[in-house]
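Inspection log for the structure reproduced underneath, given as structure tokens.
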Amino acid sequence: PTRKHGAQASMRRRGTAGFARSLFLRRSRPLNVWKICREIPCRGLCGSKVEDYFSMLEMPQSFALDLKQLEANYKKLQQKHHPDQYATKSMQVQAEAEEASSSINQAYATLKEPLQRARYMMEREGVEEEEGEILTDPEILMEIMEIQEQIAETDDQDSLARLLEDSSKQYDETVNDIVEAFAEGDLQRVKEKVAMLSYYNTIVSNIKLKMSVE
């Protein structure tokens, strides 16, 4: 049987929903911004004045971010709040510095990755992404199944490299779709595209993992 027929048989056995759930990459929710900061000279960057990760890292409230500027702001802020700066302070201040540094790291980790950034923005908009959000387009599911089967069946590095290139292109196109959806305020489309991005993120990760162990 052809690869496509094998994918179709697999989908029939497991069902569309079962297959989609098997590809879903479980996410971890972003941590809250740090809560207190008494003696650390944060100049309004911590405590109740910080409402979100964008404000913390002095970035615009937008899915489309300048990643170089994000990294520069992160490094500047992290250097300012690094726990080593407060080694001679009280234990309480040192603990607050640790909390601030951890929160800065979490904010940066969330905003620098498109998938985590989109999920964070959806959460702030009150859009719930159900665990195991399922794609309903059978053509897309079939395409994903075929790619997964190709990954499982090949050990050839050139073939894996081509799969990685194609899947990365799909990933980037989906990110661009999310940029447009957020700009248009179409949160339902955002939700659908984030589910798709989750699958492509899993595929790209699986290919890179297999390439690294061959």
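Here, A, B, ... name the chains of the structure tokens in the order displayed, residue numbers run from 1 inside each chain, and ligands are numbered from 1 in the same displayed order.
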Next on the checklist: Can you tell me which residues surround A:Ile207 at a distance of at most 12 Å, considering only C-alpha atoms, apart from same-chain residues fewer than 3 positions away, and format the answer as a ChimeraX atom specification?
Outcome noted: /A:147-168,200-204,210-214
Residues from the last selection, N, CA and C atoms, saved as a tab-separated table (two decimals), in the first residue's frame:
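Wrote it out as result_9.tsv, contents follow:
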```
chain	number	residue	atom	x	y	z
A	147	ILE	N	3.52	13.13	6.96
A	147	ILE	CA	4.84	13.61	7.39
A	147	ILE	C	5.35	12.79	8.56
A	148	GLN	N	4.47	12.51	9.52
A	148	GLN	CA	4.86	11.72	10.68
A	148	GLN	C	5.31	10.32	10.27
A	149	GLU	N	4.61	9.74	9.30
A	149	GLU	CA	4.99	8.41	8.83
A	149	GLU	C	6.34	8.44	8.11
A	150	GLN	N	6.57	9.49	7.34
A	150	GLN	CA	7.85	9.64	6.66
A	150	GLN	C	9.00	9.77	7.66
A	151	ILE	N	8.75	10.52	8.73
A	151	ILE	CA	9.78	10.67	9.77
A	151	ILE	C	10.10	9.31	10.39
A	152	ALA	N	9.05	8.54	10.65
A	152	ALA	CA	9.24	7.25	11.31
A	152	ALA	C	9.93	6.24	10.40
A	153	GLU	N	9.69	6.35	9.10
A	153	GLU	CA	10.17	5.33	8.18
A	153	GLU	C	11.57	5.57	7.62
A	154	THR	N	12.07	6.80	7.69
A	154	THR	CA	13.36	7.09	7.07
A	154	THR	C	14.45	7.38	8.09
A	155	ASP	N	15.65	6.90	7.76
A	155	ASP	CA	16.84	7.22	8.55
A	155	ASP	C	17.84	8.02	7.73
A	156	ASP	N	17.44	8.32	6.49
A	156	ASP	CA	18.33	9.04	5.59
A	156	ASP	C	18.39	10.52	5.97
A	157	GLN	N	19.59	11.02	6.21
A	157	GLN	CA	19.75	12.40	6.66
A	157	GLN	C	19.29	13.42	5.61
A	158	ASP	N	19.53	13.13	4.34
A	158	ASP	CA	19.09	14.05	3.29
A	158	ASP	C	17.57	14.13	3.24
A	159	SER	N	16.93	12.99	3.38
A	159	SER	CA	15.46	12.97	3.38
A	159	SER	C	14.91	13.72	4.58
A	160	LEU	N	15.53	13.51	5.73
A	160	LEU	CA	15.10	14.22	6.94
A	160	LEU	C	15.32	15.73	6.80
A	161	ALA	N	16.42	16.10	6.15
A	161	ALA	CA	16.71	17.52	5.95
A	161	ALA	C	15.65	18.16	5.06
A	162	ARG	N	15.22	17.44	4.03
A	162	ARG	CA	14.17	17.97	3.15
A	162	ARG	C	12.84	18.08	3.90
A	163	LEU	N	12.54	17.08	4.72
A	163	LEU	CA	11.32	17.15	5.53
A	163	LEU	C	11.37	18.33	6.49
A	164	LEU	N	12.54	18.56	7.06
A	164	LEU	CA	12.70	19.68	8.00
A	164	LEU	C	12.50	21.01	7.29
A	165	GLU	N	13.06	21.12	6.09
A	165	GLU	CA	12.91	22.36	5.32
A	165	GLU	C	11.45	22.63	4.99
A	166	ASP	N	10.75	21.59	4.51
A	166	ASP	CA	9.34	21.75	4.15
A	166	ASP	C	8.47	22.07	5.37
A	167	SER	N	8.72	21.36	6.46
A	167	SER	CA	7.91	21.56	7.67
A	167	SER	C	8.19	22.92	8.30
A	168	SER	N	9.43	23.35	8.24
A	168	SER	CA	9.79	24.67	8.77
A	168	SER	C	9.11	25.77	7.97
A	200	TYR	N	2.80	21.61	13.81
A	200	TYR	CA	4.04	21.79	13.05
A	200	TYR	C	5.23	21.93	13.99
A	201	ASN	N	5.01	22.52	15.14
A	201	ASN	CA	6.08	22.63	16.13
A	201	ASN	C	6.53	21.24	16.58
A	202	THR	N	5.54	20.35	16.79
A	202	THR	CA	5.85	18.98	17.17
A	202	THR	C	6.62	18.26	16.07
A	203	ILE	N	6.18	18.43	14.83
A	203	ILE	CA	6.83	17.78	13.69
A	203	ILE	C	8.28	18.23	13.55
A	204	VAL	N	8.50	19.55	13.59
A	204	VAL	CA	9.86	20.08	13.46
A	204	VAL	C	10.74	19.55	14.58
A	210	LYS	N	15.32	13.31	15.63
A	210	LYS	CA	15.78	12.12	14.90
A	210	LYS	C	17.10	12.39	14.19
A	211	MET	N	17.27	13.59	13.65
A	211	MET	CA	18.52	13.93	12.97
A	211	MET	C	19.68	13.96	13.95
A	212	SER	N	19.41	14.33	15.19
A	212	SER	CA	20.48	14.46	16.18
A	212	SER	C	20.97	13.13	16.69
A	213	VAL	N	20.12	12.09	16.59
A	213	VAL	CA	20.50	10.79	17.15
A	213	VAL	C	20.98	9.83	16.07
A	214	GLU	N	20.84	10.21	14.79
A	214	GLU	CA	21.30	9.32	13.72
A	214	GLU	C	22.82	9.38	13.61
```
Checklist entry - Residues at most 9 Å from stretch 114-127 of chain A, counting only C-alpha atoms, excluding those fewer than 5 positions away in the same chain, as a ChimeraX atom specification? => result /A:27-30,52,61-64,109,175,178,187-188,190-191,194,197-198,201
Checklist entry - A:Ser90, A:Glu96, A:His81, A:Tyr108: which is nearest A:Gln69, counting only C-alpha atoms? => result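 Checking each candidate against A:Gln69, we get A:Tyr108 as the closest.
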Item to check | Within 8 Å of A:Ser101 using only C-alpha atoms, minus same-chain residues under 5 positions, as a ChimeraX atom specification | outcome: /A:78,81-83
Go ahead and save the picked residues with all heavy atoms, as a PDB file, in the first residue's frame.
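Once written, out.pdb looks like this:
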```pdb
ATOM      1  N   GLN A  78      17.793  41.834  32.738  1.00  0.00           N
ATOM      2  CA  GLN A  78      18.330  40.736  33.516  1.00  0.00           C
ATOM      3  C   GLN A  78      19.622  41.141  34.221  1.00  0.00           C
ATOM      4  O   GLN A  78      19.860  40.755  35.373  1.00  0.00           O
ATOM      5  CB  GLN A  78      18.584  39.523  32.613  1.00  0.00           C
ATOM      6  CG  GLN A  78      19.001  38.269  33.354  1.00  0.00           C
ATOM      7  CD  GLN A  78      17.983  37.825  34.384  1.00  0.00           C
ATOM      8  OE1 GLN A  78      18.065  38.213  35.548  1.00  0.00           O
ATOM      9  NE2 GLN A  78      17.026  37.015  33.956  1.00  0.00           N
ATOM     10  N   HIS A  81      18.715  43.208  37.263  1.00  0.00           N
ATOM     11  CA  HIS A  81      18.063  42.491  38.358  1.00  0.00           C
ATOM     12  C   HIS A  81      18.749  41.186  38.717  1.00  0.00           C
ATOM     13  O   HIS A  81      18.177  40.372  39.442  1.00  0.00           O
ATOM     14  CB  HIS A  81      16.601  42.216  37.986  1.00  0.00           C
ATOM     15  CG  HIS A  81      15.747  43.445  37.937  1.00  0.00           C
ATOM     16  ND1 HIS A  81      15.185  44.006  39.055  1.00  0.00           N
ATOM     17  CD2 HIS A  81      15.387  44.241  36.904  1.00  0.00           C
ATOM     18  CE1 HIS A  81      14.494  45.086  38.714  1.00  0.00           C
ATOM     19  NE2 HIS A  81      14.612  45.238  37.406  1.00  0.00           N
ATOM     20  N   HIS A  82      19.955  40.977  38.222  1.00  0.00           N
ATOM     21  CA  HIS A  82      20.647  39.717  38.518  1.00  0.00           C
ATOM     22  C   HIS A  82      20.882  39.603  40.025  1.00  0.00           C
ATOM     23  O   HIS A  82      21.313  40.561  40.679  1.00  0.00           O
ATOM     24  CB  HIS A  82      21.982  39.638  37.771  1.00  0.00           C
ATOM     25  CG  HIS A  82      22.539  38.255  37.722  1.00  0.00           C
ATOM     26  ND1 HIS A  82      23.210  37.692  38.793  1.00  0.00           N
ATOM     27  CD2 HIS A  82      22.528  37.320  36.741  1.00  0.00           C
ATOM     28  CE1 HIS A  82      23.576  36.467  38.480  1.00  0.00           C
ATOM     29  NE2 HIS A  82      23.181  36.213  37.240  1.00  0.00           N
ATOM     30  N   PRO A  83      20.614  38.431  40.595  1.00  0.00           N
ATOM     31  CA  PRO A  83      20.776  38.244  42.046  1.00  0.00           C
ATOM     32  C   PRO A  83      22.163  38.603  42.576  1.00  0.00           C
ATOM     33  O   PRO A  83      22.291  39.012  43.728  1.00  0.00           O
ATOM     34  CB  PRO A  83      20.481  36.754  42.238  1.00  0.00           C
ATOM     35  CG  PRO A  83      19.548  36.420  41.118  1.00  0.00           C
ATOM     36  CD  PRO A  83      20.024  37.232  39.952  1.00  0.00           C
TER      37      PRO A  83
END
```
Item to check | Atom pair atom CA of A:Ser55 / atom CA of A:Lys80: separation (Å) | outcome: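 Straight-line distance from atom CA of A:Ser55 to atom CA of A:Lys80 works out to 16.0 Å.
The space separating atom CA of A:Gln92 from atom CA of A:Thr110 comes to 27.0 Å.
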Item to check | helix (DSSP H, G or I) call set, DSSP backbone run, stretch 130-214 of chain A, as a ChimeraX atom specification | outcome: /A:138-153,157-184,187-213
Next on the checklist: Please report the interatomic distance between atom CA of A:Gln170 and atom CA of A:Glu71 in Å with one decimal.
Outcome noted: 25.1 Å
